[in-house]
Amino acid sequence: MKPLDRVRTLRRDADLEREEVERILARERARFMTTIEAAARRELGARHVAQRIIPQLPYHDVPAARDFLERVFGFTERHGARVVDTKTGELVHTAVELHGAEVMLGGHGGHGASSPKSGGVISQVLTVYVDDVDAHHARARAEGARVVEGLADKFFGDRTYEVLDLEGHRWRFHQRMRDVPPEELRWSSEDDG
Amino acid sequence: MSPASDADVIGRSLVDPQAFGAIFDRHAEAMLRYTARRAGREVAEGLIGELFRIAFERRKSYDSSYPSARPWLYGIAANLLQRHRRAEARRLRATARLAAERPARDKRRATSAADAQLLLPALVEAIEALPQGEREALLLYAWEELPYEAIASALNVPVGTVRSRLNRARARLRELDPSDRRTSSRSSQPGSARRRP
């Protein structure tokens, strides 16, 4: 007998019984379908949003805010994010992104949130990492934005500046300059930063 | 209308993940039988879900120029089986024991089986001792009846490599047969197959 024929004769004895095959496949199929259904839900979610936490800023004038953020800070409006009031035709909601990170823009008063323009209070600071903070700062100044804290190198390793947008929301633009070990991250209220 | 190829189904599963269920339905039995032949029922039972999960996760990188997914799945199975060398050795020996009992049950084959029966322990020892790549190629060819091209794509090697692996495996197994020893150019010391690189 040829060597491969000998190996072939073993095949029958290595085989599983039909009932066993059917039992195992029925169970494994059900498990597998559960697995891919869960994956389908995850993928649908991931296709819809890349970012799981998205800030939403309230503005009296959403289109003007979008234009300002595009022109002064270099954001671009996200495709498919616009919501228009069917009665008035006004843009009531949209989103802008920078390097794939997104911020939503909504109407003043919506979801109980107020624009600093009428609220008079800033309740949050948005931190945005850019690749060249000096260039970003120069552009914002050239566009007439109100810089409230000038460019400086900070103890935590970033170079930053702070600026208000058209309705007074406060933005802080950062560039990473160096890595700082956690044990060196000490701050006191007298420090600048 | 001809049924959609595996490549079509996998393509569709990129937007509709549940479509991948068809890949399980088409190939799970072959994969279960293959992994069970190689490593036994218990290992196969644990492996089959993992095999299809890995395939599902890698579906984006499936080469759609291959209409059938089966060689690709055999390749994933072969990788998973590498972690089960001991189960594989146990399965081979159990298979040989079953085969040795068979002539008693199957009278027509009794005469020709007599000498095969004597060779069985040596045969499984030799299969076990084959280098991994040769054993994969041998069993995909002799048990799964895959053509050379499919073995090559399963093991991700050129067809020429499959051919040479099968030739080497054949030569090693031929040494077991006393009637062929004269024509063998290799050493015929008992157990020599095990010591080969």
# chains A, B, ... in the order shown; residues from 1 in each chain; ligands from 1

call {"tool": "residues_around", "arguments": {"residues": "Ala36 (chain B)", "least_positions_apart": "5", "cutoff": "9 Å", "atoms": "only C-alpha atoms", "output": "list in words"}}
result
Ala14, Asp15 and Leu16 of chain A; Met31, Arg41, Glu42, Val43, Ala44, Glu45 and Arg91 of chain B

call {"tool": "write_last_selection", "arguments": {"atoms": "N, CA and C atoms", "output": "short mmCIF file (atom, residue, chain, number, x, y, z; two decimals), in the first residue's frame"}}
result
data_model
loop_
_atom_site.label_atom_id
_atom_site.label_comp_id
_atom_site.auth_asym_id
_atom_site.auth_seq_id
_atom_site.Cartn_x
_atom_site.Cartn_y
_atom_site.Cartn_z
N ALA A 14 -10.90 8.36 12.30
CA ALA A 14 -10.71 9.64 13.00
C ALA A 14 -11.99 10.45 13.02
N ASP A 15 -12.99 10.01 12.25
CA ASP A 15 -14.19 10.83 12.07
C ASP A 15 -15.13 10.83 13.27
N LEU A 16 -15.85 11.95 13.41
CA LEU A 16 -16.91 12.06 14.41
C LEU A 16 -18.17 11.40 13.87
N MET B 31 -15.11 22.16 9.02
CA MET B 31 -14.10 22.60 9.97
C MET B 31 -14.15 21.79 11.26
N ARG B 41 -12.66 15.19 19.57
CA ARG B 41 -13.93 15.91 19.72
C ARG B 41 -13.84 17.07 20.71
N GLU B 42 -13.21 16.80 21.87
CA GLU B 42 -13.21 17.83 22.91
C GLU B 42 -12.54 19.11 22.45
N VAL B 43 -11.36 18.97 21.88
CA VAL B 43 -10.64 20.15 21.39
C VAL B 43 -11.44 20.82 20.28
N ALA B 44 -11.98 20.01 19.37
CA ALA B 44 -12.73 20.57 18.23
C ALA B 44 -13.93 21.37 18.71
N GLU B 45 -14.61 20.83 19.72
CA GLU B 45 -15.79 21.53 20.26
C GLU B 45 -15.43 22.91 20.79
N ARG B 91 -5.10 11.78 19.82
CA ARG B 91 -6.13 11.45 18.84
C ARG B 91 -5.60 10.44 17.81
#

call {"tool": "closest_atom_pairs", "arguments": {"of": "chain B", "to": "chain A", "cutoff": "8 Å", "atoms": "only C-alpha atoms", "output": "Markdown table"}}
result
| residue | atom | partner | partner_atom | distance |
| --- | --- | --- | --- | --- |
| B:Asp16 | CA | A:Ala40 | CA | 7.4 |
| B:Pro17 | CA | A:Ala40 | CA | 5.4 |
| B:Gln18 | CA | A:Ile36 | CA | 6.1 |
| B:Phe20 | CA | A:Ile36 | CA | 8.0 |
| B:Gly21 | CA | A:Met33 | CA | 6.6 |
| B:Phe24 | CA | A:Arg29 | CA | 7.3 |
| B:Asp25 | CA | A:Arg29 | CA | 8.0 |
| B:Ala28 | CA | A:Leu25 | CA | 7.2 |
| B:Glu29 | CA | A:Val21 | CA | 7.0 |
| B:Leu32 | CA | A:Val21 | CA | 7.4 |
| B:Arg33 | CA | A:Leu16 | CA | 6.5 |
| B:Ala36 | CA | A:Leu16 | CA | 6.9 |
| B:Arg37 | CA | A:Ala14 | CA | 4.7 |
| B:Arg38 | CA | A:Ala14 | CA | 7.7 |
| B:Gly40 | CA | A:Ala14 | CA | 7.9 |
| B:Arg41 | CA | A:Leu16 | CA | 7.2 |
| B:Glu45 | CA | A:Ile24 | CA | 6.7 |
| B:Ile48 | CA | A:Glu28 | CA | 7.4 |
| B:Gly49 | CA | A:Glu28 | CA | 6.1 |
| B:Phe52 | CA | A:Phe32 | CA | 7.5 |
| B:Arg53 | CA | A:Phe32 | CA | 7.3 |
| B:Phe56 | CA | A:Ile36 | CA | 7.8 |
| B:Arg91 | CA | A:Ala14 | CA | 7.6 |
| B:Leu92 | CA | A:Ala14 | CA | 7.7 |
| B:Thr95 | CA | A:Ala14 | CA | 5.3 |
| B:Ala96 | CA | A:Leu10 | CA | 7.0 |
| B:Leu98 | CA | A:Asp13 | CA | 6.0 |
| B:Ala99 | CA | A:Asp13 | CA | 5.9 |
| B:Ala116 | CA | A:Arg6 | CA | 7.8 |
| B:Leu123 | CA | A:Val7 | CA | 7.9 |
| B:Ala142 | CA | A:Arg8 | CA | 5.6 |
| B:Trp143 | CA | A:Arg11 | CA | 5.9 |
| B:Arg170 | CA | A:Pro3 | CA | 6.1 |
| B:Leu173 | CA | A:Pro3 | CA | 5.7 |
| B:Arg174 | CA | A:Pro3 | CA | 5.6 |

call {"tool": "residues_around", "arguments": {"residues": "region 106-115 of chain A", "least_positions_apart": "6", "cutoff": "10 Å", "atoms": "only C-alpha atoms", "output": "PyMOL selection string"}}
result
chain A and resi 56-63+65+83+91-95+121-123+167-169

call {"tool": "write_last_selection", "arguments": {"atoms": "C-alpha atoms", "output": "PDB file, in the first residue's frame"}}
result
ATOM      1  CA  GLN A  56     -22.465  70.323  22.999  1.00  0.00           C
ATOM      2  CA  LEU A  57     -22.154  74.111  23.159  1.00  0.00           C
ATOM      3  CA  PRO A  58     -25.239  76.361  23.250  1.00  0.00           C
ATOM      4  CA  TYR A  59     -25.286  79.401  20.923  1.00  0.00           C
ATOM      5  CA  HIS A  60     -27.854  82.078  20.150  1.00  0.00           C
ATOM      6  CA  ASP A  61     -26.745  81.973  16.537  1.00  0.00           C
ATOM      7  CA  VAL A  62     -25.723  78.495  15.465  1.00  0.00           C
ATOM      8  CA  PRO A  63     -24.762  79.297  11.827  1.00  0.00           C
ATOM      9  CA  ALA A  65     -20.949  80.055  15.559  1.00  0.00           C
ATOM     10  CA  VAL A  83     -30.563  69.842  11.665  1.00  0.00           C
ATOM     11  CA  LEU A  91     -30.067  75.837  11.300  1.00  0.00           C
ATOM     12  CA  VAL A  92     -30.687  74.726  14.894  1.00  0.00           C
ATOM     13  CA  HIS A  93     -27.983  72.125  15.335  1.00  0.00           C
ATOM     14  CA  THR A  94     -24.757  71.036  13.681  1.00  0.00           C
ATOM     15  CA  ALA A  95     -21.319  69.704  14.549  1.00  0.00           C
ATOM     16  CA  VAL A 121     -21.201  82.625  33.113  1.00  0.00           C
ATOM     17  CA  ILE A 122     -18.620  80.302  31.642  1.00  0.00           C
ATOM     18  CA  SER A 123     -19.143  76.858  33.110  1.00  0.00           C
ATOM     19  CA  GLU A 167     -20.488  84.196  22.258  1.00  0.00           C
ATOM     20  CA  GLY A 168     -17.926  83.924  25.024  1.00  0.00           C
ATOM     21  CA  HIS A 169     -17.304  80.161  25.302  1.00  0.00           C
TER      22      HIS A 169
END

call {"tool": "select_by_dssp", "arguments": {"residues": "region 23-189 of chain B", "states": "helix (DSSP H, G or I)", "output": "PyMOL selection string"}}
result
chain B and resi 23-39+41-57+59-61+70-105+107-129+132-142+148-155+159-174+178-183

call {"tool": "write_last_selection", "arguments": {"atoms": "C-alpha atoms", "output": "compact mmCIF listing (two decimals), in the first residue's frame"}}
result
# COMPACT_ATOMS: atom_id res chain seq x y z
CA ILE B 23 -20.05 31.25 6.08
CA PHE B 24 -20.65 29.26 9.26
CA ASP B 25 -23.50 27.33 7.63
CA ARG B 26 -21.43 26.45 4.58
CA HIS B 27 -18.20 25.43 6.28
CA ALA B 28 -18.67 24.72 9.98
CA GLU B 29 -19.26 21.01 9.47
CA ALA B 30 -16.07 20.58 7.40
CA MET B 31 -14.10 22.60 9.97
CA LEU B 32 -15.53 20.66 12.91
CA ARG B 33 -14.77 17.33 11.25
CA TYR B 34 -11.28 18.46 10.32
CA THR B 35 -10.35 19.76 13.76
CA ALA B 36 -11.90 16.66 15.37
CA ARG B 37 -9.93 14.31 13.09
CA ARG B 38 -6.80 16.17 14.03
CA ALA B 39 -7.26 16.79 17.75
CA ARG B 41 -13.93 15.91 19.72
CA GLU B 42 -13.21 17.83 22.91
CA VAL B 43 -10.64 20.15 21.39
CA ALA B 44 -12.73 20.57 18.23
CA GLU B 45 -15.79 21.53 20.26
CA GLY B 46 -13.86 24.26 22.00
CA LEU B 47 -12.12 25.41 18.86
CA ILE B 48 -14.94 25.76 16.37
CA GLY B 49 -16.44 28.91 17.90
CA GLU B 50 -13.05 30.54 18.20
CA LEU B 51 -12.20 29.67 14.61
CA PHE B 52 -15.29 31.41 13.22
CA ARG B 53 -14.92 34.35 15.57
CA ILE B 54 -11.37 34.89 14.29
CA ALA B 55 -12.59 34.56 10.69
CA PHE B 56 -15.35 37.08 11.41
CA GLU B 57 -12.91 39.55 12.94
CA ARG B 59 -13.23 39.42 7.33
CA LYS B 60 -12.09 42.90 6.28
CA SER B 61 -8.77 41.48 5.13
CA ARG B 70 -12.61 27.13 2.75
CA PRO B 71 -8.81 27.23 2.30
CA TRP B 72 -8.72 30.43 4.35
CA LEU B 73 -10.68 28.71 7.14
CA TYR B 74 -8.41 25.66 6.99
CA GLY B 75 -5.49 28.04 7.46
CA ILE B 76 -7.03 29.55 10.60
CA ALA B 77 -7.83 26.05 11.87
CA ALA B 78 -4.26 24.90 11.24
CA ASN B 79 -2.96 27.82 13.30
CA LEU B 80 -5.31 27.10 16.18
CA LEU B 81 -4.39 23.41 16.12
CA GLN B 82 -0.74 24.24 16.76
CA ARG B 83 -1.64 24.83 20.40
CA HIS B 84 -2.97 21.28 20.68
CA ARG B 85 -0.02 19.08 19.79
CA ARG B 86 -0.59 16.72 22.69
CA ALA B 87 -4.29 16.30 21.98
CA GLU B 88 -3.33 15.64 18.38
CA ALA B 89 -0.91 12.89 19.36
CA ARG B 90 -3.54 11.31 21.62
CA ARG B 91 -6.13 11.45 18.84
CA LEU B 92 -3.78 9.78 16.36
CA ARG B 93 -3.08 6.91 18.74
CA ALA B 94 -6.77 6.48 19.50
CA THR B 95 -7.48 6.48 15.77
CA ALA B 96 -4.84 3.83 15.23
CA ARG B 97 -6.42 1.66 17.94
CA LEU B 98 -9.81 1.96 16.25
CA ALA B 99 -8.27 1.16 12.90
CA ALA B 100 -6.58 -1.91 14.36
CA GLU B 101 -9.92 -3.23 15.59
CA ARG B 102 -11.61 -2.63 12.28
CA PRO B 103 -10.49 -5.76 10.33
CA ALA B 104 -12.33 -7.91 12.88
CA ARG B 105 -15.53 -6.01 12.12
CA LYS B 107 -14.25 -9.17 7.02
CA ARG B 108 -13.70 -8.22 3.39
CA ARG B 109 -10.61 -6.25 4.25
CA ALA B 110 -9.21 -8.73 6.73
CA THR B 111 -6.42 -10.12 4.60
CA SER B 112 -5.01 -6.89 3.25
CA ALA B 113 -5.40 -5.28 6.64
CA ALA B 114 -3.27 -7.82 8.45
CA ASP B 115 0.05 -6.21 7.68
CA ALA B 116 -1.38 -2.71 7.87
CA GLN B 117 -2.39 -3.50 11.41
CA LEU B 118 1.19 -4.24 12.33
CA LEU B 119 2.27 -0.97 10.79
CA LEU B 120 -0.33 1.21 12.43
CA PRO B 121 1.58 2.20 15.58
CA ALA B 122 4.65 3.02 13.49
CA LEU B 123 2.51 4.94 11.01
CA VAL B 124 0.94 7.20 13.61
CA GLU B 125 4.28 7.68 15.30
CA ALA B 126 5.72 8.78 11.98
CA ILE B 127 2.84 11.17 11.27
CA GLU B 128 3.22 12.62 14.74
CA ALA B 129 6.95 13.07 14.22
CA GLN B 132 4.49 20.77 11.50
CA GLY B 133 4.38 22.05 7.92
CA GLU B 134 4.64 18.57 6.44
CA ARG B 135 1.95 17.18 8.71
CA GLU B 136 -0.41 20.03 7.82
CA ALA B 137 0.16 19.52 4.10
CA LEU B 138 -0.14 15.74 4.38
CA LEU B 139 -3.42 15.76 6.31
CA LEU B 140 -5.00 18.54 4.24
CA TYR B 141 -4.17 16.45 1.18
CA ALA B 142 -4.93 12.91 2.37
CA TYR B 148 -2.30 21.69 -3.98
CA GLU B 149 -3.41 25.25 -4.73
CA ALA B 150 -5.91 25.23 -1.86
CA ILE B 151 -3.31 23.82 0.56
CA ALA B 152 -0.90 26.51 -0.57
CA SER B 153 -3.42 29.26 0.12
CA ALA B 154 -4.47 27.70 3.45
CA LEU B 155 -0.87 27.50 4.70
CA VAL B 159 2.47 25.66 -4.41
CA GLY B 160 6.04 24.41 -4.91
CA THR B 161 6.48 24.30 -1.13
CA VAL B 162 3.34 22.19 -0.77
CA ARG B 163 4.65 19.79 -3.39
CA SER B 164 8.04 19.44 -1.69
CA ARG B 165 6.48 19.06 1.77
CA LEU B 166 4.24 16.27 0.49
CA ASN B 167 7.19 14.58 -1.21
CA ARG B 168 9.23 14.67 1.96
CA ALA B 169 6.31 13.40 4.05
CA ARG B 170 5.76 10.56 1.55
CA ALA B 171 9.42 9.61 1.70
CA ARG B 172 9.43 9.51 5.49
CA LEU B 173 6.31 7.37 5.58
CA ARG B 174 7.63 5.05 2.90
CA PRO B 178 9.65 -3.17 4.91
CA SER B 179 8.99 -3.97 1.24
CA ASP B 180 10.07 -0.49 0.22
CA ARG B 181 13.16 -0.22 2.36
CA ARG B 182 15.48 -1.39 -0.35
CA THR B 183 14.49 1.50 -2.61

call {"tool": "residues_around", "arguments": {"residues": "Asp158 (chain A)", "least_positions_apart": "3", "cutoff": "9 Å", "atoms": "only C-alpha atoms", "output": "PDB file with C-alpha atoms, in the first residue's frame"}}
result
ATOM      1  CA  ALA A 152       2.918  80.026  27.424  1.00  0.00           C
ATOM      2  CA  ASP A 153       4.728  76.799  28.219  1.00  0.00           C
ATOM      3  CA  LYS A 154       3.018  75.047  31.129  1.00  0.00           C
ATOM      4  CA  PHE A 155       4.410  72.856  33.902  1.00  0.00           C
ATOM      5  CA  HIS A 174      -2.671  73.018  23.430  1.00  0.00           C
ATOM      6  CA  GLN A 175       0.398  71.573  21.822  1.00  0.00           C
ATOM      7  CA  ARG A 176       2.340  68.803  23.553  1.00  0.00           C
ATOM      8  CA  MET A 177       5.963  69.897  23.952  1.00  0.00           C
ATOM      9  CA  ARG A 178       7.472  67.284  26.273  1.00  0.00           C
ATOM     10  CA  ASP A 179       6.482  64.325  28.432  1.00  0.00           C
TER      11      ASP A 179
END

call {"tool": "residues_around", "arguments": {"residues": "Val128 (chain A)", "least_positions_apart": "6", "cutoff": "12 Å", "atoms": "only C-alpha atoms", "output": "PyMOL selection string"}}
result
chain A and resi 55+73-75+97-103+136+158-163+170-176

call {"tool": "atom_distance", "arguments": {"atom1": "CA of Gln124 (chain A)", "atom2": "CA of Leu166 (chain A)"}}
result
15.4 Å

call {"tool": "atom_distance", "arguments": {"atom1": "CA of Ala7 (chain B)", "atom2": "CA of Asp63 (chain B)"}}
result
7.8 Å

call {"tool": "atom_distance", "arguments": {"atom1": "CA of Ala22 (chain B)", "atom2": "CA of Ser68 (chain B)"}}
result
12.3 Å

call {"tool": "select_by_dssp", "arguments": {"residues": "region 41-109 of chain A", "states": "strand (DSSP E or B)", "output": "PyMOL selection string"}}
result
chain A and resi 56-59+76-77+83-84+91-98+101-107
